$ cat data-v7.cif   # mmCIF, C-alpha atoms
data_input
loop_
_atom_site.label_atom_id
_atom_site.label_comp_id
_atom_site.auth_asym_id
_atom_site.auth_seq_id
_atom_site.Cartn_x
_atom_site.Cartn_y
_atom_site.Cartn_z
CA MET A 1 141.71 -25.33 49.00
CA THR A 2 144.76 -24.15 47.08
CA LEU A 3 144.29 -23.65 43.35
CA SER A 4 147.12 -25.08 41.29
CA LYS A 5 148.09 -25.10 37.62
CA ASN A 6 145.82 -24.20 34.71
CA ILE A 7 143.54 -27.11 33.83
CA ILE A 8 142.04 -25.21 30.88
CA GLU A 9 143.71 -22.67 28.58
CA ILE A 10 141.62 -20.79 26.03
CA ALA A 11 143.52 -18.64 23.55
CA ALA A 12 142.10 -16.32 20.85
CA VAL A 13 138.96 -18.43 20.46
CA ASP A 14 136.49 -17.35 17.79
CA LYS A 15 133.20 -18.98 16.90
CA TYR A 16 130.93 -18.22 13.96
CA PHE A 17 127.57 -19.73 13.13
CA LYS A 18 127.43 -19.13 9.39
CA ASP A 19 128.25 -15.39 9.14
CA GLN A 20 127.31 -14.55 12.74
CA ARG A 21 130.21 -14.13 15.17
CA VAL A 22 129.17 -15.39 18.61
CA LEU A 23 132.61 -15.47 20.29
CA ASN A 24 135.24 -12.83 19.66
CA SER A 25 138.87 -13.64 20.52
CA ILE A 26 138.23 -15.20 23.94
CA ASN A 27 141.29 -15.61 26.19
CA LEU A 28 140.83 -17.36 29.53
CA ASP A 29 142.80 -19.64 31.85
CA VAL A 30 141.01 -21.83 34.41
CA LYS A 31 142.90 -23.22 37.38
CA SER A 32 142.61 -26.78 38.64
CA GLY A 33 140.06 -26.98 41.47
CA GLU A 34 138.52 -23.60 40.67
CA PHE A 35 134.81 -22.76 40.69
CA LEU A 36 134.49 -20.42 37.71
CA THR A 37 131.26 -18.85 36.50
CA LEU A 38 130.49 -17.54 33.01
CA LEU A 39 127.97 -14.77 33.61
CA GLY A 40 126.00 -12.79 31.09
CA PRO A 41 122.61 -12.27 29.43
CA SER A 42 121.05 -14.63 26.90
CA GLY A 43 122.96 -14.56 23.63
CA CYS A 44 126.28 -13.37 25.06
CA GLY A 45 128.11 -16.58 24.07
CA LYS A 46 128.55 -18.24 27.46
CA THR A 47 126.78 -21.52 26.59
CA THR A 48 128.58 -21.66 23.23
CA LEU A 49 131.90 -21.42 25.09
CA LEU A 50 130.81 -24.23 27.41
CA ARG A 51 129.84 -26.42 24.43
CA LEU A 52 133.22 -25.72 22.80
CA LEU A 53 134.93 -26.94 25.97
CA ALA A 54 132.79 -30.09 25.93
CA GLY A 55 133.51 -30.70 22.26
CA PHE A 56 129.88 -30.37 21.14
CA GLU A 57 130.81 -27.43 18.87
CA THR A 58 133.91 -26.92 16.72
CA LEU A 59 136.20 -23.93 16.89
CA THR A 60 136.27 -21.36 14.11
CA GLY A 61 139.64 -20.11 15.34
CA GLY A 62 141.95 -20.24 18.32
CA VAL A 63 142.98 -23.01 20.69
CA ILE A 64 141.42 -24.80 23.66
CA ALA A 65 143.77 -26.93 25.77
CA ILE A 66 142.61 -29.19 28.61
CA ASP A 67 145.28 -30.50 30.98
CA GLY A 68 147.92 -29.25 28.57
CA LYS A 69 146.53 -31.06 25.51
CA ASP A 70 145.22 -29.27 22.41
CA MET A 71 141.57 -30.28 21.97
CA ARG A 72 141.09 -29.37 18.31
CA ASN A 73 141.09 -33.00 17.16
CA THR A 74 139.80 -34.56 20.38
CA PRO A 75 136.20 -35.87 20.42
CA PRO A 76 133.93 -35.18 23.42
CA GLU A 77 134.28 -38.66 24.92
CA GLU A 78 138.06 -38.29 25.19
CA ARG A 79 138.15 -34.83 26.84
CA HIS A 80 137.79 -35.90 30.49
CA VAL A 81 135.06 -33.32 31.03
CA HIS A 82 131.39 -33.89 31.75
CA MET A 83 128.46 -31.57 31.10
CA VAL A 84 125.34 -31.25 33.26
CA PHE A 85 122.57 -29.86 31.08
CA GLN A 86 119.81 -27.47 32.09
CA SER A 87 117.25 -30.25 31.57
CA TYR A 88 119.46 -32.80 33.44
CA ALA A 89 118.95 -35.27 30.51
CA LEU A 90 118.16 -38.25 32.76
CA PHE A 91 116.97 -41.50 31.20
CA PRO A 92 113.26 -41.68 32.18
CA HIS A 93 113.04 -45.49 31.92
CA MET A 94 115.99 -46.04 34.26
CA THR A 95 116.12 -45.85 38.04
CA VAL A 96 118.39 -43.42 39.86
CA TYR A 97 120.90 -46.23 40.36
CA GLU A 98 120.81 -47.19 36.67
CA ASN A 99 121.19 -43.58 35.53
CA VAL A 100 124.29 -43.10 37.64
CA ALA A 101 125.75 -46.50 36.67
CA PHE A 102 125.21 -46.05 32.93
CA GLY A 103 128.53 -44.40 32.10
CA LEU A 104 130.54 -47.01 34.01
CA GLN A 105 128.61 -49.84 32.37
CA CYS A 106 129.51 -48.42 28.96
CA LYS A 107 133.17 -48.79 29.99
CA HIS A 108 132.52 -52.46 30.88
CA LEU A 109 133.93 -52.12 34.38
CA PRO A 110 133.50 -55.02 36.84
CA LYS A 111 130.00 -55.13 38.38
CA GLN A 112 131.30 -54.92 41.93
CA GLU A 113 133.36 -51.80 41.15
CA ILE A 114 130.36 -50.20 39.47
CA HIS A 115 128.16 -51.02 42.45
CA GLU A 116 130.60 -49.54 44.96
CA ARG A 117 131.18 -46.39 42.95
CA VAL A 118 127.46 -45.82 42.33
CA LEU A 119 126.62 -46.20 46.02
CA GLY A 120 129.47 -43.85 46.89
CA ALA A 121 128.27 -41.23 44.41
CA LEU A 122 124.67 -41.46 45.63
CA SER A 123 125.81 -41.16 49.23
CA MET A 124 127.82 -38.07 48.32
CA VAL A 125 124.70 -36.33 46.93
CA LYS A 126 122.47 -37.75 49.70
CA LEU A 127 120.27 -39.93 47.49
CA ASP A 128 121.05 -43.36 48.96
CA ASP A 129 117.42 -43.98 49.87
CA LEU A 130 116.09 -43.06 46.42
CA LYS A 131 118.27 -45.31 44.25
CA ASP A 132 115.31 -47.40 43.03
CA ARG A 133 113.11 -44.46 41.99
CA LYS A 134 112.52 -43.31 38.42
CA PRO A 135 113.24 -39.64 37.54
CA ASP A 136 109.54 -38.74 37.30
CA ARG A 137 109.18 -39.49 41.01
CA LEU A 138 111.96 -37.08 42.00
CA SER A 139 111.85 -33.37 42.77
CA GLY A 140 113.78 -30.91 40.64
CA GLY A 141 116.55 -30.70 43.22
CA GLN A 142 116.80 -34.49 43.45
CA GLN A 143 116.99 -34.80 39.66
CA GLN A 144 119.78 -32.26 39.61
CA ARG A 145 121.74 -34.25 42.19
CA VAL A 146 121.30 -37.43 40.13
CA ALA A 147 122.72 -35.61 37.10
CA ILE A 148 125.68 -34.44 39.14
CA ALA A 149 126.29 -37.91 40.61
CA ARG A 150 126.20 -39.36 37.08
CA ALA A 151 128.75 -36.77 36.02
CA VAL A 152 131.23 -37.00 38.88
CA ILE A 153 131.24 -40.81 39.02
CA ASN A 154 133.34 -40.73 35.85
CA LYS A 155 135.95 -38.65 37.68
CA PRO A 156 136.15 -35.83 35.14
CA LEU A 157 138.87 -33.20 35.27
CA VAL A 158 136.22 -30.52 34.73
CA LEU A 159 132.48 -30.44 35.38
CA LEU A 160 130.55 -28.10 33.06
CA LEU A 161 127.16 -26.89 34.32
CA ASP A 162 124.75 -25.18 31.92
CA GLU A 163 122.31 -23.21 34.12
CA PRO A 164 121.52 -26.33 36.21
CA LEU A 165 119.47 -24.40 38.80
CA SER A 166 117.29 -22.31 36.50
CA ALA A 167 114.27 -24.66 36.64
CA LEU A 168 114.13 -24.72 40.45
CA ASP A 169 111.96 -22.53 42.66
CA TYR A 170 113.61 -19.74 44.65
CA SER A 171 114.06 -21.49 48.01
CA LEU A 172 115.29 -24.74 46.48
CA ARG A 173 117.61 -22.83 44.19
CA LYS A 174 119.22 -21.09 47.17
CA ARG A 175 119.65 -24.39 49.01
CA MET A 176 121.12 -26.09 45.96
CA GLN A 177 123.62 -23.25 45.48
CA ILE A 178 125.03 -24.00 48.92
CA GLU A 179 125.04 -27.76 48.31
CA LEU A 180 126.69 -27.43 44.90
CA LYS A 181 129.49 -25.24 46.24
CA ALA A 182 130.05 -27.61 49.18
CA LEU A 183 130.16 -30.57 46.79
CA GLN A 184 132.72 -28.84 44.58
CA ARG A 185 134.96 -28.19 47.58
CA LYS A 186 134.62 -31.81 48.70
CA LEU A 187 135.45 -33.23 45.28
CA GLY A 188 138.19 -30.76 44.36
CA ILE A 189 137.03 -30.90 40.73
CA THR A 190 137.08 -27.80 38.54
CA PHE A 191 133.52 -26.53 38.06
CA ILE A 192 132.56 -24.14 35.25
CA LEU A 193 129.03 -22.80 35.69
CA VAL A 194 126.99 -20.87 33.14
CA THR A 195 124.32 -18.55 34.53
CA HIS A 196 122.60 -15.23 33.90
CA ASP A 197 121.85 -14.82 37.63
CA GLN A 198 124.25 -12.27 39.18
CA GLU A 199 123.52 -13.27 42.78
CA GLU A 200 124.17 -16.92 41.94
CA ALA A 201 127.49 -16.07 40.34
CA LEU A 202 128.63 -13.87 43.22
CA SER A 203 127.68 -16.36 45.94
CA MET A 204 129.20 -19.50 44.41
CA SER A 205 132.30 -18.56 42.43
CA ASP A 206 136.01 -18.24 43.04
CA ARG A 207 136.10 -16.07 39.92
CA VAL A 208 133.46 -14.62 37.62
CA VAL A 209 133.81 -14.07 33.87
CA VAL A 210 131.37 -11.35 32.76
CA MET A 211 130.49 -11.73 29.07
CA ASN A 212 128.73 -9.43 26.64
CA HIS A 213 128.13 -9.87 22.89
CA GLY A 214 130.70 -12.63 22.54
CA CYS A 215 133.45 -10.78 24.42
CA ILE A 216 134.81 -10.89 27.96
CA GLU A 217 134.14 -7.60 29.76
CA GLN A 218 135.89 -8.49 33.02
CA ILE A 219 137.38 -11.42 34.92
CA GLY A 220 137.75 -11.26 38.67
CA THR A 221 136.66 -12.42 42.09
CA PRO A 222 133.02 -11.75 42.98
CA ARG A 223 134.16 -8.83 45.11
CA ASP A 224 136.28 -7.43 42.27
CA VAL A 225 133.53 -7.40 39.68
CA TYR A 226 131.00 -5.94 42.12
CA GLU A 227 133.11 -3.33 43.91
CA GLU A 228 135.59 -2.51 41.11
CA PRO A 229 133.77 -2.83 37.77
CA LYS A 230 136.06 -2.05 34.83
CA THR A 231 133.30 -1.04 32.41
CA LEU A 232 129.89 0.58 32.65
CA TYR A 233 128.37 -2.62 31.31
CA VAL A 234 129.72 -4.59 34.27
CA ALA A 235 128.62 -1.89 36.73
CA LYS A 236 125.07 -1.98 35.36
CA PHE A 237 124.85 -5.76 34.96
CA ILE A 238 126.26 -6.79 38.36
CA GLY A 239 123.74 -5.67 40.96
CA ALA A 240 122.16 -2.23 41.17
CA ALA A 241 124.07 1.00 40.59
CA ASN A 242 123.45 4.73 40.84
CA ILE A 243 125.25 6.34 37.92
CA PHE A 244 125.96 10.07 37.81
CA GLU A 245 127.03 11.34 34.40
CA THR A 246 129.23 14.39 34.66
CA THR A 247 132.32 16.17 33.27
CA VAL A 248 135.75 16.64 34.79
CA ILE A 249 136.13 20.36 35.53
CA GLU A 250 139.63 20.13 37.03
CA ALA A 251 142.17 17.30 37.03
CA THR A 252 145.51 16.56 38.62
CA GLU A 253 147.50 13.35 38.68
CA ASP A 254 145.76 12.31 41.91
CA THR A 255 142.31 13.94 41.90
CA ILE A 256 139.51 15.19 39.72
CA GLN A 257 136.74 17.68 40.43
CA VAL A 258 133.20 17.18 39.14
CA PHE A 259 129.73 18.60 39.72
CA ILE A 260 127.07 16.13 40.90
CA GLU A 261 123.55 17.40 41.56
CA GLY A 262 124.86 20.96 41.78
CA LYS A 263 127.59 20.17 44.30
CA LYS A 264 131.33 20.10 43.61
CA TYR A 265 133.10 16.87 44.55
CA GLN A 266 136.78 16.03 44.63
CA LEU A 267 137.36 12.37 43.76
CA ASP A 268 140.36 10.09 43.31
CA ASN A 269 141.76 10.11 39.78
CA GLU A 270 142.49 6.41 39.38
CA GLY A 271 141.55 6.43 35.69
CA GLU A 272 144.00 9.14 34.59
CA PHE A 273 141.11 11.38 33.56
CA LYS A 274 141.68 14.77 31.94
CA LYS A 275 139.91 18.10 32.26
CA GLY A 276 136.85 18.20 30.02
CA GLN A 277 136.47 14.42 29.88
CA ASN A 278 132.97 12.97 30.33
CA VAL A 279 132.82 10.40 33.14
CA SER A 280 130.31 8.26 35.00
CA VAL A 281 130.46 8.18 38.79
CA ILE A 282 129.03 4.91 40.15
CA VAL A 283 127.76 4.50 43.70
CA ARG A 284 126.11 1.27 44.89
CA PRO A 285 122.75 1.62 46.73
CA GLU A 286 124.19 0.34 50.00
CA ASP A 287 126.89 3.04 49.86
CA LEU A 288 124.41 5.88 49.39
CA HIS A 289 123.02 7.20 52.69
CA SER A 290 119.95 9.31 53.41
CA TRP A 291 119.60 11.57 56.43
CA TYR A 292 116.64 13.38 57.96
CA ASN A 293 116.94 17.17 57.91
CA THR A 294 117.22 17.14 61.72
CA GLU A 295 120.26 14.82 61.59
CA VAL A 296 122.42 17.05 59.38
CA ASP A 297 124.69 19.93 60.29
CA ASP A 298 127.27 20.01 57.49
CA THR A 299 125.86 19.49 53.97
CA THR A 300 129.10 20.20 52.08
CA ASN A 301 129.23 16.78 50.41
CA MET A 302 125.47 16.22 50.35
CA PHE A 303 122.61 17.00 48.00
CA GLU A 304 118.87 17.10 48.51
CA ALA A 305 116.31 14.56 47.33
CA LYS A 306 112.70 13.58 47.97
CA VAL A 307 111.56 10.10 49.07
CA GLU A 308 109.35 8.58 46.37
CA GLN A 309 109.07 5.00 47.64
CA VAL A 310 109.85 3.16 50.87
CA ILE A 311 110.33 -0.60 50.47
CA TYR A 312 110.56 -2.55 53.72
CA LYS A 313 112.63 -5.78 53.46
CA GLY A 314 113.03 -6.84 57.06
CA SER A 315 116.70 -6.19 57.81
CA THR A 316 116.86 -3.33 55.31
CA VAL A 317 114.74 -0.51 53.93
CA ASP A 318 115.14 0.39 50.27
CA LEU A 319 114.39 3.97 49.26
CA ILE A 320 113.67 5.34 45.82
CA LEU A 321 114.69 8.99 45.80
CA LYS A 322 114.22 11.80 43.29
CA THR A 323 116.76 14.60 43.19
CA LYS A 324 116.05 18.22 42.34
CA SER A 325 117.34 17.56 38.81
CA GLY A 326 114.77 14.77 38.41
CA LYS A 327 117.25 11.88 38.69
CA ARG A 328 116.00 8.76 40.49
CA LEU A 329 118.33 7.01 42.91
CA SER A 330 118.09 3.84 44.96
CA THR A 331 119.50 3.41 48.46
CA THR A 332 119.63 0.47 50.83
CA GLU A 333 119.50 1.45 54.49
CA PHE A 334 120.45 -1.19 57.09
CA PHE A 335 118.87 -1.45 60.52
CA ASP A 336 121.30 -1.26 63.41
CA GLU A 337 121.23 -0.56 67.13
CA ASP A 338 121.82 3.16 66.58
CA ASP A 339 119.07 3.59 64.00
CA GLU A 340 116.40 0.97 64.55
CA ASN A 341 113.40 2.69 63.01
CA LEU A 342 114.47 4.12 59.67
CA ASP A 343 111.04 5.65 59.57
CA PHE A 344 111.25 7.44 56.22
CA LYS A 345 108.00 8.75 54.70
CA ARG A 346 106.98 9.24 51.09
CA GLY A 347 107.27 12.87 50.08
CA GLU A 348 109.84 13.61 52.79
CA ASN A 349 112.94 15.63 51.91
CA VAL A 350 116.29 14.08 52.83
CA TRP A 351 119.98 14.81 52.46
CA VAL A 352 122.02 12.26 50.49
CA GLU A 353 125.73 11.42 50.71
CA TRP A 354 128.24 8.64 50.28
CA THR A 355 131.68 8.04 51.78
CA LEU A 356 134.09 9.63 49.31
CA GLY A 357 136.45 7.02 47.91
CA TRP A 358 133.76 4.34 47.73
CA GLU A 359 132.62 5.48 44.30
CA VAL A 360 133.93 4.09 41.02
CA VAL A 361 134.69 6.53 38.19
CA LEU A 362 134.65 5.24 34.62
CA PRO A 363 134.83 6.85 31.18
CA HIS A 364 131.36 7.82 30.05
CA ASP A 365 129.74 5.27 27.74
CA GLU A 366 129.00 7.32 24.66
#
$ encode --input "data-v7.cif" --output "structure tokens"
Amino acid sequence: MTLSKNIIEIAAVDKYFKDQRVLNSINLDVKSGEFLTLLGPSGCGKTTLLRLLAGFETLTGGVIAIDGKDMRNTPPEERHVHMVFQSYALFPHMTVYENVAFGLQCKHLPKQEIHERVLGALSMVKLDDLKDRKPDRLSGGQQQRVAIARAVINKPLVLLLDEPLSALDYSLRKRMQIELKALQRKLGITFILVTHDQEEALSMSDRVVVMNHGCIEQIGTPRDVYEEPKTLYVAKFIGAANIFETTVIEATEDTIQVFIEGKKYQLDNEGEFKKGQNVSVIVRPEDLHSWYNTEVDDTTNMFEAKVEQVIYKGSTVDLILKTKSGKRLSTTEFFDEDDENLDFKRGENVWVEWTLGWEVVLPHDE
């Protein structure tokens, strides 16, 4: 699916609740047909931004445009967006069919058109056989699909989803992630999802907006925000990270030299760092490798550590290591045909390395 023009444009948006600033000069464009996720911890402002888009909150400052139209004086019912709430907000006294038909009935459309569109929406979310049930006789996943059918039947330009999977158990949540992404592709509607779940954001989104204290820390593809975090906050929030705090001892235009665990490393200088500058070197657990003493000949770019924990996960083994300086590290070792056992033992000494160039170097967070 090719993403086209911007369907939403957010410029310099501020939001205060009394004297508390919850959004700070937010700038964001959303393309038509995009699956965008607002990701961040509770209180970061992501749900407030969603409610501003829906028209349930008023702007303190800035502009929100939907399909090229300024929304400042546009009520929620005229915005051509629909919001799916965390609780689903289904009418308990109505059947599945009646819940989905409600919005069309309010528009006084012909009964036959309503009937055809409701059956089409229920077929799309695979609930044809449950149209006569009440919500209390549905599973959490089925209730969520009813809420989505009720939303998309009105043919919104944008579907806003406020943590719609948070109430589901783990296995159902994973299945619904796949179904929701497939549905978005089928409909071609712009989806904006709010979540605090990093894995959910990475697996479902075209782009991720990482938020923190009412500000946007980074916008990018899932791969961008995971592999190329722009701030230490993003590096720590998205997945696990080993962070080595150190100081640049030498710097050129292309490289820097630092000490990590008593070893000197030469790294790429992509951040224009200077000699004497404090930096953080970030290495993801899957990029950090542990070797038995018998497997190592050249330890130039390696340092020693002791295995503290071995966590078996089927296709991987996670290790918690402790370096000579006392720093704890996490590694993820993958089984393969050349190394099927990965038979590490607690208390065992290992050599640790990563492929130089796979690290990310950021200014130290003072």
$ closest_residue --input "data-v7.cif" --among "A:Asn349, A:Ala147, A:Ser42, A:Gly61" --to "Thr294 in chain A" --atoms "all atoms listed in the file"
A:Asn349
$ closest_residue --input "data-v7.cif" --among "A:Glu217, A:Glu304, A:Asp132, A:Glu227" --to "Glu98 in chain A" --atoms "all atoms listed in the file"
A:Asp132
$ resolve_selection --input "data-v7.cif" --expression "the PyMOL selection byres ((chain A and resi 79-88) around 6)" --output "short mmCIF file (atom, residue, chain, number, x, y, z; two decimals) with C-alpha atoms, in the frame of the given file"
data_model
loop_
_atom_site.label_atom_id
_atom_site.label_comp_id
_atom_site.auth_asym_id
_atom_site.auth_seq_id
_atom_site.Cartn_x
_atom_site.Cartn_y
_atom_site.Cartn_z
CA PRO A 76 133.93 -35.18 23.42
CA GLU A 77 134.28 -38.66 24.92
CA GLU A 78 138.06 -38.29 25.19
CA ALA A 89 118.95 -35.27 30.51
CA LEU A 90 118.16 -38.25 32.76
CA ALA A 147 122.72 -35.61 37.10
CA ALA A 151 128.75 -36.77 36.02
CA PRO A 156 136.15 -35.83 35.14
CA LEU A 157 138.87 -33.20 35.27
CA VAL A 158 136.22 -30.52 34.73
CA LEU A 159 132.48 -30.44 35.38
CA LEU A 160 130.55 -28.10 33.06
CA LEU A 161 127.16 -26.89 34.32
CA ASP A 162 124.75 -25.18 31.92
CA GLU A 163 122.31 -23.21 34.12
CA PRO A 164 121.52 -26.33 36.21
#
$ residues_around --input "data-v7.cif" --residues "Lys111 in chain A" --least-positions-apart "6" --cutoff "12 Å" --atoms "all atoms listed in the file" --output "PyMOL selection string"
chain A and resi 101-102+104-105+117-118
$ closest_residue --input "data-v7.cif" --among "A:Leu38, A:Ala12, A:Ala121, A:Leu50" --to "Val63 in chain A" --atoms "all atoms listed in the file"
A:Ala12
$ residues_around --input "data-v7.cif" --residues "Ala182 in chain A" --least-positions-apart "4" --cutoff "12 Å" --atoms "all atoms listed in the file" --output "list in words"
Met1, Phe35, Met124, Val125, Arg175, Met176, Gln177, Ile178, Lys186, Leu187, Gly188, Ile189, Phe191, Ser203, Met204 and Ser205 of chain A
$ residues_near_point --input "data-v7.cif" --point "(145.8, -17.0, 30.3)" --cutoff "12 Å" --atoms "all atoms listed in the file" --output "list in words"
Lys5, Asn6, Ile7, Ile8, Glu9, Ile10, Ala11, Ala12, Ile26, Asn27, Leu28, Asp29, Val30, Lys31, Val63, Ile64, Ala65 and Ile219 of chain A
$ atom_distance --input "data-v7.cif" --atom1 "CA of Ile114 in chain A" --atom2 "CA of Gly141 in chain A"
24.2 Å
$ closest_residue --input "data-v7.cif" --among "A:Lys107, A:Gln112, A:Leu172, A:Thr74" --to "Asn154 in chain A" --atoms "only C-alpha atoms"
A:Lys107
$ atom_distance --input "data-v7.cif" --atom1 "CA of Asp70 in chain A" --atom2 "CA of Val210 in chain A"
24.9 Å
$ atom_distance --input "data-v7.cif" --atom1 "CA of Arg173 in chain A" --atom2 "CA of Leu193 in chain A"
14.2 Å
$ residues_around --input "data-v7.cif" --residues "range 266-282 of chain A" --least-positions-apart "5" --cutoff "9 Å" --atoms "only C-alpha atoms" --output "PyMOL selection string"
chain A and resi 232+235+241-260+356-366
$ resolve_selection --input "data-v7.cif" --expression "the PyMOL selection byres ((chain A and resi 218) around 10)" --output "ChimeraX atom specification"
/A:208-212,215-217,219-221,224-225,229-231,233-234
$ resolve_selection --input "data-v7.cif" --expression "the PyMOL selection byres ((chain A and resi 307) around 8)" --output "list in words"
Ala305, Lys306, Glu308, Gln309, Val310, Leu319, Ile320, Leu321, Lys322, Phe344, Lys345, Arg346, Gly347, Glu348, Asn349 and Val350 of chain A
$ closest_residue --input "data-v7.cif" --among "A:Val22, A:Val296, A:Ile66, A:Val146" --to "Asn99 in chain A" --atoms "all atoms listed in the file"
A:Val146
$ decode --input "data-v7.cif" --residues "range 145-167 of chain A" --atoms "C-alpha atoms" --output "CSV table (one decimal), in the first residue's frame"
chain,number,residue,atom,x,y,z
A,145,ARG,CA,-14.1,-6.4,16.9
A,146,VAL,CA,-17.7,-5.2,17.4
A,147,ALA,CA,-16.3,-1.8,18.4
A,148,ILE,CA,-14.1,-1.7,15.3
A,149,ALA,CA,-17.0,-2.7,13.1
A,150,ARG,CA,-19.1,0.0,14.6
A,151,ALA,CA,-16.4,2.5,13.9
A,152,VAL,CA,-15.5,1.6,10.3
A,153,ILE,CA,-19.1,1.3,9.2
A,154,ASN,CA,-19.2,5.1,9.2
A,155,LYS,CA,-16.3,5.2,6.8
A,156,PRO,CA,-14.1,7.5,8.8
A,157,LEU,CA,-11.0,9.1,7.3
A,158,VAL,CA,-9.1,8.2,10.5
A,159,LEU,CA,-9.7,5.5,13.2
A,160,LEU,CA,-8.3,6.4,16.6
A,161,LEU,CA,-7.6,3.5,19.0
A,162,ASP,CA,-7.0,4.2,22.7
A,163,GLU,CA,-5.1,1.1,24.0
A,164,PRO,CA,-7.8,-1.2,22.6
A,165,LEU,CA,-5.9,-4.4,23.4
A,166,SER,CA,-4.8,-3.7,26.9
A,167,ALA,CA,-7.7,-5.7,28.5
